[in-house]
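Listing of final.txt, compact mmCIF, C-alpha atoms and all ligand atoms
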```
# COMPACT_ATOMS: atom_id res chain seq x y z
CA MET A 4 0.00 0.00 0.00
CA ALA A 5 1.33 3.50 -0.83
CA HIS A 6 2.31 5.65 2.08
CA PRO A 7 -0.24 8.49 2.49
CA LEU A 8 2.62 11.02 2.58
CA SER A 9 3.74 10.02 -0.87
CA ARG A 10 0.32 10.91 -2.29
CA LEU A 11 0.37 14.30 -0.55
CA LEU A 12 3.93 14.90 -1.63
CA SER A 13 3.26 14.29 -5.30
CA ARG A 14 0.24 16.60 -5.24
CA ARG A 15 2.17 19.32 -3.46
CA MET A 16 5.09 19.07 -5.82
CA CYS A 17 2.70 19.61 -8.76
CA GLN A 18 0.98 22.53 -7.07
CA GLN A 19 4.21 24.27 -6.20
CA TRP A 20 6.22 23.83 -9.31
CA THR A 21 3.65 24.65 -11.95
CA PRO A 22 2.98 28.27 -10.86
CA PHE A 23 6.63 28.84 -9.97
CA GLN A 24 7.83 27.98 -13.41
CA LYS A 25 5.15 30.07 -15.11
CA THR A 26 5.19 33.19 -12.94
CA PRO A 27 8.24 33.61 -10.74
CA GLY A 28 6.67 36.67 -9.10
CA SER A 29 3.99 34.62 -7.43
CA VAL A 30 6.29 32.17 -5.73
CA SER A 31 5.63 33.05 -2.14
CA ARG A 32 1.90 33.30 -2.62
CA ALA A 33 1.85 30.00 -4.47
CA LEU A 34 3.78 28.43 -1.65
CA ARG A 35 1.18 29.56 0.80
CA SER A 36 -1.79 28.24 -1.21
CA PRO A 37 -3.85 25.78 0.79
CA ILE A 38 -3.33 22.14 0.04
CA GLN A 39 -6.43 20.60 -1.42
CA LYS A 40 -7.64 17.19 -0.42
CA PRO A 41 -7.21 14.56 -3.10
CA ALA A 42 -10.41 14.37 -5.18
CA GLY A 43 -10.57 10.59 -4.95
CA ARG A 44 -8.52 7.66 -3.89
CA ARG A 45 -5.95 6.51 -6.40
CA ALA A 46 -6.69 3.19 -8.10
CA TYR A 47 -3.50 1.65 -6.75
CA ALA A 48 -4.51 2.43 -3.18
CA THR A 49 -7.83 0.64 -3.26
CA GLY A 50 -8.96 -2.97 -3.31
CA PRO A 51 -7.51 -6.02 -1.66
CA ASN A 52 -3.81 -6.76 -1.68
CA PRO A 53 -3.20 -8.90 -4.78
CA ASN A 54 -0.20 -10.57 -3.12
CA PRO A 55 -1.33 -11.31 0.43
CA GLY A 56 1.53 -13.70 1.10
CA GLN A 57 4.30 -11.21 0.25
CA ASN A 58 6.91 -10.19 2.78
CA PRO A 59 5.88 -6.83 4.35
CA LEU A 60 9.59 -5.84 4.52
CA LYS A 61 9.43 -5.06 0.79
CA ILE A 62 7.67 -1.76 1.47
CA TRP A 63 10.70 -0.42 3.41
CA PRO A 64 12.62 0.83 0.39
CA PHE A 65 9.54 2.73 -0.66
CA ILE A 66 9.09 4.30 2.78
CA ALA A 67 12.78 5.29 2.75
CA ILE A 68 12.39 6.98 -0.63
CA THR A 69 9.26 8.76 0.57
CA LEU A 70 11.00 10.09 3.67
CA LEU A 71 13.95 11.24 1.59
CA GLY A 72 11.58 12.99 -0.78
CA THR A 73 9.74 14.68 2.10
CA GLY A 74 13.02 15.97 3.50
CA SER A 75 14.12 17.40 0.16
CA TYR A 76 10.72 18.95 -0.35
CA ILE A 77 10.86 20.77 2.99
CA LEU A 78 14.36 22.04 2.17
CA MET A 79 13.21 23.20 -1.24
CA VAL A 80 10.20 25.10 0.16
CA ARG A 81 12.40 26.79 2.76
CA SER A 82 14.97 27.90 0.21
CA ARG A 83 12.30 29.23 -2.18
CA THR A 84 10.69 31.29 0.59
CA ASP A 85 14.08 32.70 1.61
CA MET A 86 14.91 33.60 -1.97
CA ALA A 87 11.73 35.55 -2.64
CA PRO A 88 12.45 39.29 -2.49
CA PRO A 89 10.56 41.13 0.25
CA HIS A 90 7.97 42.64 -2.05
CA GLU A 91 6.90 39.19 -3.15
CA GLN A 92 6.12 38.34 0.41
CA ILE A 93 3.53 41.08 0.74
CA ALA A 94 0.30 39.24 1.25
CA ALA A 95 -1.82 41.44 -0.99
CA PRO A 96 -5.38 40.33 -0.30
CA LYS A 97 -7.19 39.40 -3.47
CA LYS A 98 -10.23 41.62 -3.83
CA SER A 99 -13.07 41.28 -6.30
CA THR A 100 -14.28 44.88 -5.95
CA PRO A 101 -12.28 48.11 -5.65
CA THR A 102 -12.07 49.77 -2.24
CA PHE A 103 -13.52 53.06 -3.50
CA SER A 104 -16.39 53.62 -5.89
CA PRO A 105 -15.94 56.11 -8.73
CA ALA A 106 -19.36 57.45 -7.69
CA ASP A 107 -17.75 58.81 -4.50
CA VAL A 108 -14.16 59.23 -5.54
CA THR A 109 -12.76 60.93 -8.63
CA VAL A 110 -9.31 59.79 -9.63
CA LEU A 111 -7.28 61.43 -12.36
CA PHE A 112 -3.95 59.82 -13.18
CA VAL A 113 -1.30 62.41 -14.10
CA LEU A 114 1.39 61.14 -16.42
CA GLY A 115 4.29 62.53 -18.43
CA GLY A 116 8.02 61.96 -18.64
CA PRO A 117 10.31 62.94 -15.79
CA GLY A 118 10.52 66.73 -15.81
CA ALA A 119 7.35 67.19 -17.87
CA GLY A 120 5.89 69.44 -15.15
CA LYS A 121 3.38 67.09 -13.52
CA GLY A 122 4.07 68.31 -9.98
CA THR A 123 3.93 72.00 -10.95
CA GLN A 124 0.59 71.65 -12.73
CA CYS A 125 -0.87 69.50 -9.95
CA ALA A 126 -0.05 72.26 -7.45
CA ASN A 127 -2.00 74.74 -9.61
CA LEU A 128 -4.99 72.41 -9.80
CA VAL A 129 -4.95 71.83 -6.05
CA ARG A 130 -4.98 75.61 -5.47
CA ASP A 131 -7.88 76.29 -7.85
CA TYR A 132 -9.97 73.13 -7.82
CA HIS A 133 -9.36 71.54 -4.40
CA PHE A 134 -7.96 68.26 -5.55
CA THR A 135 -5.87 66.16 -3.20
CA HIS A 136 -2.48 65.68 -4.82
CA LEU A 137 -0.83 62.31 -4.26
CA SER A 138 2.56 61.92 -5.92
CA ALA A 139 3.61 58.27 -6.14
CA GLY A 140 7.28 59.35 -6.20
CA ASP A 141 6.83 61.51 -3.08
CA LEU A 142 5.06 58.69 -1.24
CA LEU A 143 7.86 56.29 -2.18
CA ARG A 144 10.54 58.75 -1.02
CA ALA A 145 8.70 59.23 2.29
CA GLU A 146 8.48 55.47 2.77
CA GLN A 147 12.16 55.13 1.89
CA ASP A 148 13.04 57.59 4.64
CA ARG A 149 10.59 56.24 7.21
CA GLU A 150 12.44 54.72 10.11
CA GLY A 151 11.94 50.97 10.32
CA SER A 152 10.48 50.68 6.83
CA GLU A 153 10.79 47.16 5.50
CA PHE A 154 11.10 48.51 1.96
CA GLY A 155 13.43 51.49 2.48
CA THR A 156 16.52 49.93 0.93
CA LEU A 157 14.62 48.38 -1.94
CA ILE A 158 12.92 51.69 -2.83
CA LYS A 159 16.22 53.57 -2.63
CA GLU A 160 17.86 51.24 -5.15
CA TYR A 161 14.94 51.31 -7.56
CA ILE A 162 14.68 55.10 -7.51
CA ARG A 163 18.41 55.62 -8.02
CA ASP A 164 18.30 53.31 -11.05
CA GLY A 165 15.11 54.87 -12.42
CA LYS A 166 13.35 51.51 -12.21
CA ILE A 167 9.72 50.92 -11.32
CA VAL A 168 9.27 49.88 -7.71
CA PRO A 169 7.25 46.63 -7.37
CA MET A 170 3.65 47.66 -7.69
CA GLU A 171 2.39 46.11 -4.44
CA VAL A 172 4.35 48.72 -2.50
CA THR A 173 3.18 51.74 -4.50
CA VAL A 174 -0.45 50.68 -4.79
CA GLN A 175 -0.62 50.08 -1.04
CA LEU A 176 0.96 53.46 -0.25
CA LEU A 177 -1.58 55.19 -2.51
CA GLU A 178 -4.51 53.32 -1.02
CA ASN A 179 -3.36 54.19 2.51
CA ALA A 180 -3.02 57.87 1.59
CA MET A 181 -6.47 57.93 -0.03
CA THR A 182 -8.06 56.25 2.98
CA GLU A 183 -6.42 58.74 5.32
CA THR A 184 -7.63 61.69 3.25
CA LEU A 185 -11.19 60.39 3.04
CA GLU A 186 -11.30 59.65 6.77
CA LYS A 187 -10.27 63.23 7.48
CA SER A 188 -12.90 64.60 5.11
CA GLN A 189 -15.58 62.71 7.11
CA GLY A 190 -17.77 61.31 4.40
CA GLY A 191 -16.94 63.99 1.86
CA LYS A 192 -16.32 62.99 -1.74
CA GLY A 193 -12.70 62.64 -2.72
CA LYS A 194 -11.00 64.22 -5.74
CA PHE A 195 -7.52 62.90 -6.31
CA LEU A 196 -4.71 63.75 -8.70
CA ILE A 197 -2.50 60.70 -8.69
CA ASP A 198 0.78 62.01 -10.03
CA GLY A 199 3.43 59.82 -11.66
CA PHE A 200 1.21 56.76 -11.58
CA PRO A 201 0.61 54.25 -13.13
CA ARG A 202 4.10 53.98 -14.62
CA GLN A 203 3.78 50.32 -15.59
CA MET A 204 0.84 48.25 -16.86
CA ASP A 205 0.66 46.06 -13.76
CA GLN A 206 0.24 49.17 -11.59
CA ALA A 207 -2.63 50.38 -13.78
CA LEU A 208 -4.48 47.08 -13.73
CA LYS A 209 -3.96 46.45 -10.04
CA PHE A 210 -5.03 49.94 -8.97
CA GLU A 211 -8.20 50.00 -11.06
CA GLU A 212 -9.12 46.50 -9.98
CA SER A 213 -8.48 46.82 -6.27
CA VAL A 214 -8.46 50.52 -5.32
CA CYS A 215 -10.55 52.66 -7.68
CA PRO A 216 -11.17 52.96 -11.43
CA ALA A 217 -9.79 56.28 -12.73
CA ARG A 218 -11.77 58.80 -14.81
CA PHE A 219 -8.89 59.38 -17.23
CA VAL A 220 -5.21 60.18 -17.61
CA LEU A 221 -4.01 63.77 -17.81
CA PHE A 222 -0.90 63.43 -19.96
CA PHE A 223 1.78 66.11 -20.21
CA ASP A 224 3.63 65.66 -23.46
CA CYS A 225 7.14 67.11 -23.54
CA PRO A 226 10.22 66.39 -25.69
CA GLU A 227 13.12 64.63 -23.98
CA GLN A 228 15.60 67.44 -24.58
CA GLU A 229 13.41 69.94 -22.73
CA MET A 230 12.76 67.50 -19.86
CA GLN A 231 16.49 66.87 -19.52
CA ARG A 232 17.22 70.59 -19.36
CA ARG A 233 14.59 71.04 -16.61
CA LEU A 234 15.78 68.06 -14.57
CA LEU A 235 19.44 69.09 -14.64
CA ASP A 236 18.38 72.56 -13.57
CA ARG A 237 16.20 71.14 -10.78
CA GLY A 238 19.06 68.86 -9.73
CA LYS A 239 21.08 71.90 -8.60
CA THR A 240 18.72 72.36 -5.65
CA SER A 241 16.35 69.37 -5.39
CA GLY A 242 18.68 67.08 -3.45
CA ARG A 243 17.09 64.14 -5.27
CA SER A 244 19.29 61.10 -5.77
CA ASP A 245 17.95 60.67 -9.31
CA ASP A 246 18.29 64.22 -10.68
CA ASN A 247 21.73 63.54 -12.17
CA ALA A 248 22.74 62.82 -15.77
CA GLU A 249 23.20 59.08 -15.27
CA SER A 250 19.89 58.47 -13.46
CA ILE A 251 18.03 60.79 -15.83
CA LYS A 252 19.14 58.67 -18.78
CA LYS A 253 17.79 55.54 -17.09
CA ARG A 254 14.54 57.27 -16.16
CA PHE A 255 13.96 58.29 -19.80
CA LYS A 256 14.54 54.74 -20.93
CA THR A 257 12.04 53.42 -18.38
CA PHE A 258 9.57 56.08 -19.42
CA VAL A 259 9.73 55.20 -23.11
CA GLU A 260 9.79 51.44 -22.68
CA THR A 261 7.53 50.94 -19.68
CA SER A 262 5.38 53.99 -19.03
CA MET A 263 4.40 55.07 -22.54
CA PRO A 264 2.60 51.75 -23.12
CA VAL A 265 0.37 52.69 -20.17
CA VAL A 266 -0.53 56.00 -21.85
CA ASP A 267 -1.21 54.11 -25.08
CA TYR A 268 -3.40 51.61 -23.23
CA PHE A 269 -5.63 54.35 -21.80
CA ASP A 270 -5.55 56.22 -25.10
CA GLY A 271 -6.91 53.12 -26.81
CA GLN A 272 -9.89 53.36 -24.43
CA GLY A 273 -10.42 57.08 -25.14
CA ARG A 274 -9.26 57.92 -21.61
CA VAL A 275 -6.36 60.34 -22.22
CA VAL A 276 -6.46 64.13 -22.07
CA LYS A 277 -3.24 65.35 -23.65
CA VAL A 278 -1.59 68.69 -22.96
CA VAL A 279 1.52 69.89 -24.79
CA ALA A 280 3.94 70.81 -22.01
CA THR A 281 6.81 72.59 -23.75
CA LYS A 282 5.78 76.19 -23.03
CA THR A 283 6.01 78.18 -19.78
CA PRO A 284 4.26 76.78 -16.68
CA GLU A 285 1.55 79.48 -16.94
CA GLN A 286 0.83 78.68 -20.57
CA VAL A 287 0.74 74.96 -19.88
CA TYR A 288 -1.66 75.54 -16.99
CA GLN A 289 -3.97 77.59 -19.18
CA GLU A 290 -4.18 74.74 -21.67
CA THR A 291 -4.63 72.21 -18.85
CA LYS A 292 -7.64 74.08 -17.47
CA GLU A 293 -9.22 74.37 -20.90
CA ARG A 294 -8.81 70.66 -21.59
CA LEU A 295 -10.15 69.63 -18.18
CA GLU A 296 -13.13 71.96 -18.44
CA ALA A 297 -13.96 70.51 -21.84
CA LYS A 298 -13.88 67.02 -20.35
CA LEU A 299 -15.39 67.55 -16.91
CA GLY A 300 -17.46 70.73 -17.19
CA LYS A 301 -16.77 74.22 -15.85
CA ASN A 302 -16.79 73.40 -12.13
CA PHE A 303 -14.84 70.21 -12.05
O1 LIG B 401 7.52 60.68 -10.20
P1 LIG B 401 8.93 60.76 -9.69
O2 LIG B 401 9.87 61.31 -10.72
O3 LIG B 401 9.01 61.49 -8.39
O4 LIG B 401 9.39 59.26 -9.41
C1 LIG B 401 10.68 58.97 -8.93
C2 LIG B 401 10.95 57.50 -8.99
O5 LIG B 401 10.05 56.80 -8.16
C3 LIG B 401 10.79 56.85 -10.36
O6 LIG B 401 11.90 57.05 -11.21
C4 LIG B 401 10.65 55.38 -9.95
O7 LIG B 401 11.88 54.82 -9.56
C5 LIG B 401 9.78 55.51 -8.70
N1 LIG B 401 8.35 55.40 -9.05
C6 LIG B 401 7.81 54.14 -9.28
N2 LIG B 401 6.48 54.00 -9.60
C7 LIG B 401 5.70 55.08 -9.73
C8 LIG B 401 6.23 56.38 -9.50
C9 LIG B 401 7.56 56.49 -9.16
O8 LIG B 401 8.51 53.14 -9.19
N3 LIG B 401 4.43 54.94 -10.07
MG MG B 402 7.05 64.75 -9.47
```
Before anything else, please render the file you have as structure tokens.
Amino acid sequence: MAHPLSRLLSRRMCQQWTPFQKTPGSVSRALRSPIQKPAGRRAYATGPNPNPGQNPLKIWPFIAITLLGTGSYILMVRSRTDMAPPHEQIAAPKKSTPTFSPADVTVLFVLGGPGAGKGTQCANLVRDYHFTHLSAGDLLRAEQDREGSEFGTLIKEYIRDGKIVPMEVTVQLLENAMTETLEKSQGGKGKFLIDGFPRQMDQALKFEESVCPARFVLFFDCPEQEMQRRLLDRGKTSGRSDDNAESIKKRFKTFVETSMPVVDYFDGQGRVVKVVATKTPEQVYQETKERLEAKLGKNF
């Protein structure tokens, strides 16, 4: 008769390895997935023993192999869990509905290359239209500097290299900030400018699925040469670790390869309001207001 552990072991091996090989990012979650009971007894485990007279000692090699297999399995699981980077160990609860309804909460994503003027224009809109401005980059920098943050070092490295921080971190920071704002407003309706987000498709999908669907993307379109000039100028006083020539180059690359597809995705759904952002901040703001009024009405 087969040892019950050997049945469990083979099922677990299948469950663990299949998702790991397909999607390395879901390792730790896959490892934590509950073990299902076998649907039915295996044919070889049922019925009478066809060789009743056989020496029971013959099952010992099989038990030994099973125990060996169990040991290796435990070692393998441990090493996989240790290897998973910290962000993969965030137990993001799977939600079927977003936390906030677009009926109560207006979200505008604000996108554009680094140095396109997103922050400057958001500040104008906050002043005149009472939006709450949440900059994903600012939230990440605050988390990076927060004492005891589990993700501080990881965020620091990603920002310096102009790479996109794993989305679980950024989406959670945004959701926390939105919740805090809405709690303070005591039942009031929220109007958010979410600046510098989503920078990668997975961020867009995750946020709209689990936090709140956005109305549209406000996109500031600016040529690279102009953005570079602005960033190098800002770098003289900003104190930012990524406002230097080397990081700027990497940030442009990430923008073109990773963030522009997000703009294209929303554009394909008719959800992009584009503003040319080459002129002075005042001129760009004038155009921004006109475009938003056309989309949302005079008192947006
Ligand atoms: O928007 P900002 O220029 O302040 O972003 C700075 C850096 O923060 C980005 O280059 C990137 O490393 C990180 N970031 C991110 N995901 C976002 C926004 C910013 O990973 N949605
Ligand atoms: Mg900014």
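Going from CA of Asn179 (chain A) over to CA of Phe303 (chain A), you cover 24.5 Å.
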Practice task
Mind checking which residues fall within 9 Å of Asp198 (chain A), counting all atoms listed in the file, ignoring those fewer than 2 positions away in the same chain, and posting them as a ChimeraX atom specification?
Solution key: /A:111-114,121-122,125,136-140,196,200-201
Handout entry: Between CA of Ala180 (chain A) and CA of Gln272 (chain A) - distance in Å to one decimal
Key = 27.3 Å
Quick one: what's the axis-aligned box for region 191-200 of chain A, all listed atoms, 8 Å on every side, centre and edges in Å to one decimal, as lines of an AutoDock Vina configuration file?
```
center_x = -6.8
center_y = 60.5
center_z = -4.9
size_x = 36.4
size_y = 23.5
size_z = 29.5
```
Practice task
Please check which protein, DNA or RNA residues sit within 7 Å of ligand LIG 401 (chain B), counting all atoms listed in the file, and write them as a ChimeraX atom specification.
Solution key: /A:117,138-141,143,161-169,173,198-202,254
Exercise for the section: Pick out the closest residue to ligand MG 402 (chain B) from this set: A:Gly238, A:Gly151, A:Gly300, A:Gly120. Count all atoms listed in the file. Expected result: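 Checking each of A:Gly238, A:Gly151, A:Gly300, A:Gly120 against ligand MG 402 (chain B), counting all atoms listed in the file, the winner is A:Gly120.
Compared by their closest atoms to Thr281 (chain A), and using all atoms listed in the file, the residues A:Ala119, A:Ile66, A:Met263, A:Val129 rank with A:Ala119 nearest.
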Completion exercise
Shortest contact to Lys98 (chain A), candidates A:Ala126, A:Leu185, A:Leu142, A:Cys215, atoms counted all atoms listed in the file, goes to A:Cys215
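Omitting Ser244 (chain A) and its sequence neighbours fewer than 2 positions away, and counting all atoms listed in the file, the residues within 12 Å are Arg144, Ile158, Lys159, Glu160, Tyr161, Ile162, Arg163, Asp164, Gly165, Leu234, Leu235, Arg237, Gly238, Lys239, Thr240, Ser241, Gly242, Asp246, Asn247, Ala248, Glu249, Ser250 and Ile251 of chain A.
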Problem - For ligand MG 402 (chain B), the nearest of the candidates A:Ile197, A:Ala297, A:Val266, A:Val172, counting all atoms listed in the file - result: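 Of the candidates, the smallest distance to ligand MG 402 (chain B) is held by A:Ile197.
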Handout entry: Contacts of Lys282 (chain A) within 12 Å, all atoms listed in the file, excl. fewer than 5 positions in-chain, as a ChimeraX atom specification
Key = /A:119-120,223-226,229-230,287-291
Problem - Atomic separation - CA of Lys301 (chain A) relative to CA of Val214 (chain A), Å - result: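 Between CA of Val214 (chain A) and CA of Lys301 (chain A) the gap works out to 27.2 Å.
Distances from A:Ala217, A:Leu208, A:Arg243, A:Tyr268 to ligand MG 402 (chain B) were compared using all atoms listed in the file, and the smallest one belongs to A:Arg243.
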Problem - Which of A:Phe269, A:Gly115, A:Phe258, A:Lys194 sits closest to ligand MG 402 (chain B) [using all atoms listed in the file] - result: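 The closest residue to ligand MG 402 (chain B) is A:Gly115.
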Practice task
Could you pull out every residue with an atom within 7 Å of (-7.0, 58.9, -23.2), file coordinates, counting all atoms listed in the file, and send them as a PyMOL selection string?
Solution key: chain A and resi 219-220+269-276
